[in-house]
Amino acid sequence: MARIGILTGGGDCPGLNPVIRAVVRRALLEGYEITGIKNGWKGLVENDTMPLNIDTISGILPKGGTILGTSRTNPYKKEGDLQKVKDNFKKMGLDALVAVGGEDTLGVASKLVKDGLPIVGVPKTIDNDLSATDYTFGFDTALNVAMECIDRLHTTAESHHRIMIAEVMGRHAGWIAIEAGIAGGADMILIPEIPIDLDEVCNVIKKRHARGKTFSIVVVSEGAQFKDGAMVTQEQKLDAFGHVRLGGIGEDLAAQIEKRTGFETRVSVFGHIQRGGSPTAFDRVLGTRFGVKAVELIINKKFGKMVALAGTKIIDVPLEEAVKTLKTVDTELYNIAKVFFG
Ligand code: F6P
């Protein structure tokens, strides 16, 4: 009997549990046994596992987060960890592994495949910034949460005649900002792909107020940068994959806008709320489709591949393709958003 492992790594997102459930259900049909590896690559370094079977996955479909836990451990960072991963892979008796993650987790998976381990990937992230797939699961839920928060900001902005800045996540890609901004009717959307021109932002707001509006909603992505300005970060420390902790651009922006326009301005940082809670139907279905297809990749011994969404179809792509470049917001979508600025 074959045994497959599954791990979830990097920032959690809604939809991970539907993937775990789908992997287990499809694998059981094949007569496979399944090992749950706890806390991403950390679990393989530390030989930390939990049993996955029909009972342990019961009821997890609507739950946010991941029953396996997660971490940002990079086994290529610390001397000796790579060997531990290889040794524990054997000790666990694994014939194959499903790695569920974003660019970092799947970047490790891609390297491990080259180092000889039989792995397939499943793309997750609220940031939607992975190449080679039209969507990652988790994004739709985060987007809908952000949209609802923007709707809520409208009513208080209007009552108080204020400018409300909504700072959203997304790292170096503006997908959450642009789509939540369009869906929530933002008056200005600022994304990492387009440097912030403060004169332009303030002119748009002033014009809007000149035509009688007494409030404005500005959505800013945490990774957006002022023209000639550095990225705003919460701390200088880098994580195991070399990432800084973004956050704080909203406050800087608010101070500048209030100073230049004279309009009272407040900031709301949506933060981890965007990553929490129950997945939307879209993310449950996408996660389920990805999980089933990931096991089918294993059945067909298509290691080194990642499941992906292309239009309405689930396809497979080389893992290295998915992590090669970051998928950022395209000009076409930005130009559509711009129609509604001001
Ligand atoms: O990659 C997902 C993400 O939520 C980013 O949008 C954000 O910058 C980062 O993770 C936050 O990470 P942490 O959970 O470590 O605060």
# chains A, B, ... in the order shown; residues from 1 in each chain; ligands from 1
$ select_by_dssp --residues "segment 213-284 of chain A" --states "alpha helix (DSSP H)" --output "PDB file with C-alpha atoms, in the first residue's frame"
ATOM      1  CA  ILE A 249       1.642  52.797   4.302  1.00  0.00           C
ATOM      2  CA  GLY A 250      -1.953  53.759   5.220  1.00  0.00           C
ATOM      3  CA  GLU A 251      -0.845  55.973   8.117  1.00  0.00           C
ATOM      4  CA  ASP A 252       1.796  57.744   6.005  1.00  0.00           C
ATOM      5  CA  LEU A 253      -0.707  58.281   3.234  1.00  0.00           C
ATOM      6  CA  ALA A 254      -3.371  59.605   5.602  1.00  0.00           C
ATOM      7  CA  ALA A 255      -0.975  62.172   7.087  1.00  0.00           C
ATOM      8  CA  GLN A 256       0.010  63.424   3.625  1.00  0.00           C
ATOM      9  CA  ILE A 257      -3.555  63.563   2.289  1.00  0.00           C
ATOM     10  CA  GLU A 258      -4.878  65.399   5.363  1.00  0.00           C
ATOM     11  CA  LYS A 259      -2.014  67.914   5.191  1.00  0.00           C
ATOM     12  CA  ARG A 260      -2.435  68.584   1.470  1.00  0.00           C
ATOM     13  CA  THR A 261      -6.237  68.585   1.177  1.00  0.00           C
ATOM     14  CA  ALA A 281     -17.973  28.716  -2.029  1.00  0.00           C
ATOM     15  CA  PHE A 282     -15.478  29.595  -4.782  1.00  0.00           C
ATOM     16  CA  ASP A 283     -12.493  28.784  -2.552  1.00  0.00           C
ATOM     17  CA  ARG A 284     -14.103  25.585  -1.231  1.00  0.00           C
TER      18      ARG A 284
END
$ closest_atom_pairs --of "chain A" --to "ligand 1" --cutoff "7 Å" --atoms "only C-alpha atoms and all ligand atoms" --output "JSON lines"
{"residue": "A:Gly11", "atom": "CA", "partner": "ligand 1", "partner_atom_place_in_ligand_line": "2 (C)", "distance": 5.1}
{"residue": "A:Thr125", "atom": "CA", "partner": "ligand 1", "partner_atom_place_in_ligand_line": "2 (C)", "distance": 5.9}
{"residue": "A:Ile126", "atom": "CA", "partner": "ligand 1", "partner_atom_place_in_ligand_line": "2 (C)", "distance": 5.8}
{"residue": "A:Asp127", "atom": "CA", "partner": "ligand 1", "partner_atom_place_in_ligand_line": "6 (O)", "distance": 5.5}
{"residue": "A:Met169", "atom": "CA", "partner": "ligand 1", "partner_atom_place_in_ligand_line": "6 (O)", "distance": 4.1}
{"residue": "A:Gly170", "atom": "CA", "partner": "ligand 1", "partner_atom_place_in_ligand_line": "6 (O)", "distance": 3.7}
{"residue": "A:Arg171", "atom": "CA", "partner": "ligand 1", "partner_atom_place_in_ligand_line": "8 (O)", "distance": 4.4}
{"residue": "A:Arg245", "atom": "CA", "partner": "ligand 1", "partner_atom_place_in_ligand_line": "8 (O)", "distance": 6.3}
{"residue": "A:Leu246", "atom": "CA", "partner": "ligand 1", "partner_atom_place_in_ligand_line": "8 (O)", "distance": 5.6}
{"residue": "A:His272", "atom": "CA", "partner": "ligand 1", "partner_atom_place_in_ligand_line": "4 (O)", "distance": 6.7}
{"residue": "A:Arg275", "atom": "CA", "partner": "ligand 1", "partner_atom_place_in_ligand_line": "4 (O)", "distance": 6.5}
$ closest_residue --among "A:Asp187, A:Glu193, A:Glu264, A:Asp104" --to "Ala224 of chain A" --atoms "only C-alpha atoms"
A:Glu193
$ residues_around --residues "Pro51 of chain A" --least-positions-apart "2" --cutoff "9 Å" --atoms "only C-alpha atoms" --output "ChimeraX atom specification"
/A:34-37,49,53,56
$ residues_around --residues "Val120 of chain A" --least-positions-apart "2" --cutoff "12 Å" --atoms "only C-alpha atoms" --output "PyMOL selection string"
chain A and resi 4-7+23+95-101+105-113+117-118+122-123+290-291+293-308+316-320
$ closest_residue --among "A:Glu179, A:Asp134, A:Asp228, A:Glu200" --to "Ala337 of chain A" --atoms "only C-alpha atoms"
A:Glu179
$ closest_residue --among "A:Pro195, A:Gly174, A:Gly277, A:Gly223" --to "Tyr334 of chain A" --atoms "only C-alpha atoms"
A:Gly174
